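Student: Once you've had a glance at the structure underneath, I'll fire off some questions.
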Amino acid sequence: MTTTAAVPLWRNGDFRLVWAGQALSGFGNGVSQLAYPLLVLAITGSPAAAGALAAVRALPHLLFGLVAGALVDRWNRKRTMIACDLLRALTMATVPAALLAGALTAAHVFAVGFAGGVLYVFFSAAEGACLPNVVRGDQLTAAVSAQETAQSACGVVAGSVGGALLQVSRGLPFLVDALTFLASALCLSFVRGDFRAEGAPPRRTGPLRAEVAEGVRRLWGHPGLRLVALTAAGLQIAVSGVALVAIVVARDSGASAAVIGVLFSALGVGGVVGAVLAPRLRNRLGLGGLLLSVLWCQAALWLLLAFSTSPVAIGVVLALFTVSMPCFGIAALSFQLEVTPDELRGRVGTAFSVLIWAATPVGGAAAGVLLDLVTPRATALVFAAWVVVLAAGTTWTGVLRGLDAPA
């Protein structure tokens with residue numbers, strides 16, 4: 001299915017359905033995000049178990065990401081997304097059901113977390129490939145921005161809603177999450193077509209390994225896409241350390257836990273602002289100009305964080321970090337969708353995502369090790385130096401400046 005008529009983005013009924021479904025399920029995810037570790041803590045009393053649950057939920061991205069991309073390029077993407085939503089609703093609903101029966105165990109929660117992670121990997125692989133078949137090419141950046149705006153807005157309110165629901169019942173956040181998955185599946189069921197371009201080559205049935213390799217080769221063989229992916233992964237290493245460094249800097253400056261919590265509300269607000277600004281900035285600066293601007297901006301923000309001594313200054317720096325993050329992510333994703341043939345979008349998209357997921361724990365671990373060895377200021381300066389090297393290297397290649405040219 002391809003949308004070719006000159007219909008404004010928000011008058012495109014199929015896009016509105018896709019957007020609404022993802023906004024609903026994103027809200028449900030945010031509600032249960034807080035409930036997961038608190039439920040495990042209540043069952044086991046072990047912070048280590050709560051931390052292990054986070055790792056278990058993230059593990060499917062590394063285990064199945066590339067395979068999921070190859071399979072959704074074979075399958076009907078719309079049916080895949082609906083099936084994943086329905087299965088996520090079912091697995092999530094088992095948590096309140098087990099609580100009601102007095103039979104919930106930590107192993108049950110871990111199994112639900114892992115299964116949800118697997119289903120999310122397949123869902124997001126299909127979702128990432130669907131937008132170019134719902135909106136026109138010149139609307140891709142705005143469409144990605146609209147989805148990111150909804151996700152960031154959900155992040156602002158979903159945590160507090162989840163906390164309030166937990167006060168009523170431990171199972172209520174999971175029930176709400178299950179209902180949002182059902183709502184998402186219902187929205188998708190009304191979308192026309194199967195999220196595949198008209199005239200696309202027949203679905204392949206050859207060796208899966210070869211199809212996975214084809215997606216990786218496409219990502220690595222396109223000079224612009226390869227540089228964007230490597231730059232995004234490099235930047236993710238630094239971004240993954242921001243929260244921990246900011247917490248320690250704020251604590252050392254005398255901020256209480258309550259004040260630190262307020263500071264981190266800037267993360268959600270900044271994400272909304274950045275997602276709204278991204279299309280405008282891309283139009284003004286061009287894709288390469290926007291990506292380079294974010295790199296140099298984040299290098300400067302790390303320097304500001306290193307020398308911030310008040311909670312207000314730290315909050316401003318965090319807000320600016322989270323304004324710039326979606327600007328880079330939205331521009332990078334829209335470029336990847338623009339230059340990738342429809343029959344390869346699932347595989348190239350998941351190859352791109354696996355790079356980011358692999359970089360995320362590296363950044364978090366590096367921040368923790370550095371904070372143990374040196375001062376928070378020195379840690380921030382190390383990350384600043386890393387981003388400066390990254391920005392200087394990408395600027396020197398000159399490749400990013402030409403990304404707005406036809407691929």
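Chain labels run A, B, ... following the order of the structure tokens; each chain numbers its residues from 1, and ligands are numbered from 1 in the order shown.
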Report the residues of range 117-309 of chain A whose backbone DSSP state falls under helix (DSSP H, G or I), written as a VMD selection string.
Tutor: chain A and resid 117 to 133 137 to 168 172 to 189 208 to 221 223 to 252 257 to 263 265 to 306
Student: Would you output that residue set with C-alpha atoms, as a compact mmCIF listing (two decimals), in the first residue's frame?
Tutor:
# COMPACT_ATOMS: atom_id res chain seq x y z
CA GLY A 117 10.56 -8.00 24.92
CA VAL A 118 10.49 -10.60 22.14
CA LEU A 119 7.08 -9.42 20.91
CA TYR A 120 8.21 -5.79 21.05
CA VAL A 121 11.23 -6.61 18.86
CA PHE A 122 9.00 -8.12 16.15
CA PHE A 123 6.39 -5.39 16.48
CA SER A 124 8.91 -2.55 16.21
CA ALA A 125 10.63 -4.21 13.22
CA ALA A 126 7.31 -4.25 11.35
CA GLU A 127 6.34 -0.78 12.59
CA GLY A 128 9.63 0.74 11.47
CA ALA A 129 9.03 -0.52 7.94
CA CYS A 130 5.40 0.57 7.66
CA LEU A 131 5.45 4.39 7.71
CA PRO A 132 6.70 4.90 4.11
CA ASN A 133 3.65 2.92 2.98
CA GLY A 137 7.98 10.51 1.23
CA ASP A 138 8.04 14.23 1.95
CA GLN A 139 5.98 13.60 5.12
CA LEU A 140 8.26 10.95 6.63
CA THR A 141 10.17 13.27 8.96
CA ALA A 142 6.93 14.87 10.19
CA ALA A 143 5.35 11.43 10.70
CA VAL A 144 8.33 10.10 12.66
CA SER A 145 8.30 13.34 14.68
CA ALA A 146 4.59 12.94 15.47
CA GLN A 147 5.17 9.43 16.76
CA GLU A 148 8.17 10.51 18.83
CA THR A 149 6.19 13.45 20.25
CA ALA A 150 3.45 11.10 21.40
CA GLN A 151 5.98 8.75 23.01
CA SER A 152 7.72 11.60 24.82
CA ALA A 153 4.43 13.07 26.01
CA CYS A 154 3.41 9.67 27.34
CA GLY A 155 6.73 9.54 29.19
CA VAL A 156 5.86 12.77 31.00
CA VAL A 157 2.57 11.53 32.44
CA ALA A 158 2.66 7.72 32.36
CA GLY A 159 5.06 7.29 35.27
CA SER A 160 2.92 9.30 37.68
CA VAL A 161 -0.21 7.49 36.49
CA GLY A 162 1.53 4.16 36.99
CA GLY A 163 2.53 5.15 40.52
CA ALA A 164 -1.05 6.16 41.35
CA LEU A 165 -2.41 2.89 39.95
CA LEU A 166 0.10 0.92 42.02
CA GLN A 167 -1.31 2.54 45.13
CA VAL A 168 -4.69 1.04 44.25
CA LEU A 172 -3.70 -2.52 37.86
CA PRO A 173 -0.82 -1.03 35.80
CA PHE A 174 -0.44 -4.35 33.97
CA LEU A 175 -4.16 -4.53 33.28
CA VAL A 176 -4.10 -1.00 31.86
CA ASP A 177 -1.13 -1.95 29.69
CA ALA A 178 -2.99 -5.03 28.39
CA LEU A 179 -5.99 -2.87 27.48
CA THR A 180 -3.82 -0.39 25.57
CA PHE A 181 -2.37 -3.24 23.51
CA LEU A 182 -5.90 -4.33 22.64
CA ALA A 183 -6.73 -0.74 21.64
CA SER A 184 -3.62 -0.59 19.45
CA ALA A 185 -4.57 -3.84 17.71
CA LEU A 186 -8.08 -2.47 17.09
CA CYS A 187 -6.69 0.72 15.54
CA LEU A 188 -4.35 -1.24 13.26
CA SER A 189 -7.15 -3.53 12.14
CA LEU A 208 17.05 -16.75 6.64
CA ARG A 209 20.76 -16.25 7.31
CA ALA A 210 21.28 -14.96 3.79
CA GLU A 211 18.42 -12.48 4.16
CA VAL A 212 19.79 -11.21 7.48
CA ALA A 213 23.20 -10.77 5.86
CA GLU A 214 21.61 -8.85 2.97
CA GLY A 215 20.15 -6.32 5.40
CA VAL A 216 23.48 -5.86 7.17
CA ARG A 217 25.27 -5.47 3.82
CA ARG A 218 22.76 -2.84 2.73
CA LEU A 219 23.34 -0.85 5.92
CA TRP A 220 27.13 -1.18 5.71
CA GLY A 221 27.33 -0.67 1.95
CA PRO A 223 28.19 5.29 2.89
CA GLY A 224 25.72 7.82 4.31
CA LEU A 225 23.64 5.26 6.17
CA ARG A 226 26.72 3.53 7.56
CA LEU A 227 28.11 6.81 8.91
CA VAL A 228 24.76 7.82 10.42
CA ALA A 229 24.43 4.41 12.13
CA LEU A 230 27.97 4.46 13.53
CA THR A 231 27.60 8.07 14.66
CA ALA A 232 24.27 7.29 16.32
CA ALA A 233 25.82 4.34 18.16
CA GLY A 234 28.78 6.44 19.24
CA LEU A 235 26.50 9.20 20.49
CA GLN A 236 24.34 6.62 22.29
CA ILE A 237 27.35 5.60 24.38
CA ALA A 238 27.51 9.14 25.78
CA VAL A 239 23.74 9.61 26.01
CA SER A 240 23.42 6.40 28.06
CA GLY A 241 25.65 7.89 30.74
CA VAL A 242 23.88 11.24 31.07
CA ALA A 243 21.28 10.23 33.64
CA LEU A 244 23.71 8.56 36.06
CA VAL A 245 26.28 11.37 35.82
CA ALA A 246 23.57 14.00 36.33
CA ILE A 247 22.23 12.18 39.40
CA VAL A 248 25.66 12.06 41.02
CA VAL A 249 26.43 15.68 40.12
CA ALA A 250 23.07 16.77 41.59
CA ARG A 251 23.58 14.70 44.73
CA ASP A 252 27.05 16.14 45.26
CA ALA A 257 16.03 12.81 46.17
CA ALA A 258 12.79 14.76 45.68
CA VAL A 259 14.61 17.56 43.86
CA ILE A 260 16.43 15.06 41.65
CA GLY A 261 13.06 13.53 40.78
CA VAL A 262 11.75 16.94 39.72
CA LEU A 263 14.90 17.53 37.65
CA SER A 265 10.81 15.51 34.72
CA ALA A 266 12.81 17.71 32.33
CA LEU A 267 13.66 14.55 30.38
CA GLY A 268 10.07 14.00 29.25
CA VAL A 269 9.35 17.68 28.59
CA GLY A 270 12.58 18.11 26.61
CA GLY A 271 11.75 15.04 24.53
CA VAL A 272 8.39 16.53 23.51
CA VAL A 273 10.00 19.84 22.53
CA GLY A 274 12.77 18.12 20.56
CA ALA A 275 10.33 15.90 18.68
CA VAL A 276 8.24 18.93 17.69
CA LEU A 277 11.29 20.92 16.57
CA ALA A 278 12.98 18.13 14.57
CA PRO A 279 11.09 18.56 11.25
CA ARG A 280 11.51 22.35 11.33
CA LEU A 281 15.22 22.07 12.07
CA ARG A 282 15.73 19.53 9.31
CA ASN A 283 14.00 21.84 6.82
CA ARG A 284 16.16 24.77 7.94
CA LEU A 285 19.54 23.05 8.42
CA GLY A 286 19.29 20.06 6.12
CA LEU A 287 19.76 16.53 7.37
CA GLY A 288 23.55 16.64 7.59
CA GLY A 289 23.55 20.09 9.16
CA LEU A 290 21.06 18.99 11.82
CA LEU A 291 23.01 15.85 12.73
CA LEU A 292 26.29 17.76 13.01
CA SER A 293 24.63 20.51 15.05
CA VAL A 294 23.34 17.95 17.56
CA LEU A 295 26.80 16.39 17.90
CA TRP A 296 28.54 19.70 18.65
CA CYS A 297 25.65 20.81 20.87
CA GLN A 298 25.93 17.66 23.00
CA ALA A 299 29.69 18.10 23.32
CA ALA A 300 29.04 21.60 24.71
CA LEU A 301 26.31 20.28 27.04
CA TRP A 302 28.71 17.74 28.57
CA LEU A 303 31.08 20.61 29.33
CA LEU A 304 28.23 22.57 30.93
CA LEU A 305 27.25 19.53 33.01
CA ALA A 306 30.84 19.16 34.22
Student: Taking only C-alpha atoms into account, which of A:Ala49, A:Arg347, A:Asp85, A:Leu99 comes nearest Leu24 in chain A?
Tutor: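 So, comparing all the options, the nearest one is A:Asp85.
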Student: Write out as a PyMOL selection string each polymer residue whose atoms come within 8 Å of Asp73 in chain A, counting only C-alpha atoms; drop sequence neighbours fewer than 5 positions from it.
Tutor: chain A and resi 126+203+343-347
Student: Store the residues picked out above in a file with N, CA and C atoms, as a compact mmCIF listing (two decimals), in the first residue's frame.
Tutor:
# COMPACT_ATOMS: atom_id res chain seq x y z
N ALA A 126 8.37 -4.46 12.34
CA ALA A 126 7.31 -4.25 11.35
C ALA A 126 6.87 -2.79 11.33
N ARG A 203 7.56 -11.91 -1.69
CA ARG A 203 8.23 -12.24 -0.43
C ARG A 203 9.14 -13.44 -0.63
N GLU A 343 11.42 -3.66 0.49
CA GLU A 343 11.61 -5.08 0.81
C GLU A 343 12.76 -5.33 1.77
N LEU A 344 13.55 -4.27 2.07
CA LEU A 344 14.69 -4.41 2.99
C LEU A 344 14.51 -3.62 4.28
N ARG A 345 13.42 -2.90 4.42
CA ARG A 345 13.29 -1.96 5.54
C ARG A 345 13.30 -2.65 6.90
N GLY A 346 12.68 -3.81 7.00
CA GLY A 346 12.70 -4.52 8.27
C GLY A 346 14.10 -4.91 8.68
N ARG A 347 14.87 -5.46 7.73
CA ARG A 347 16.21 -5.94 8.04
C ARG A 347 17.19 -4.79 8.30
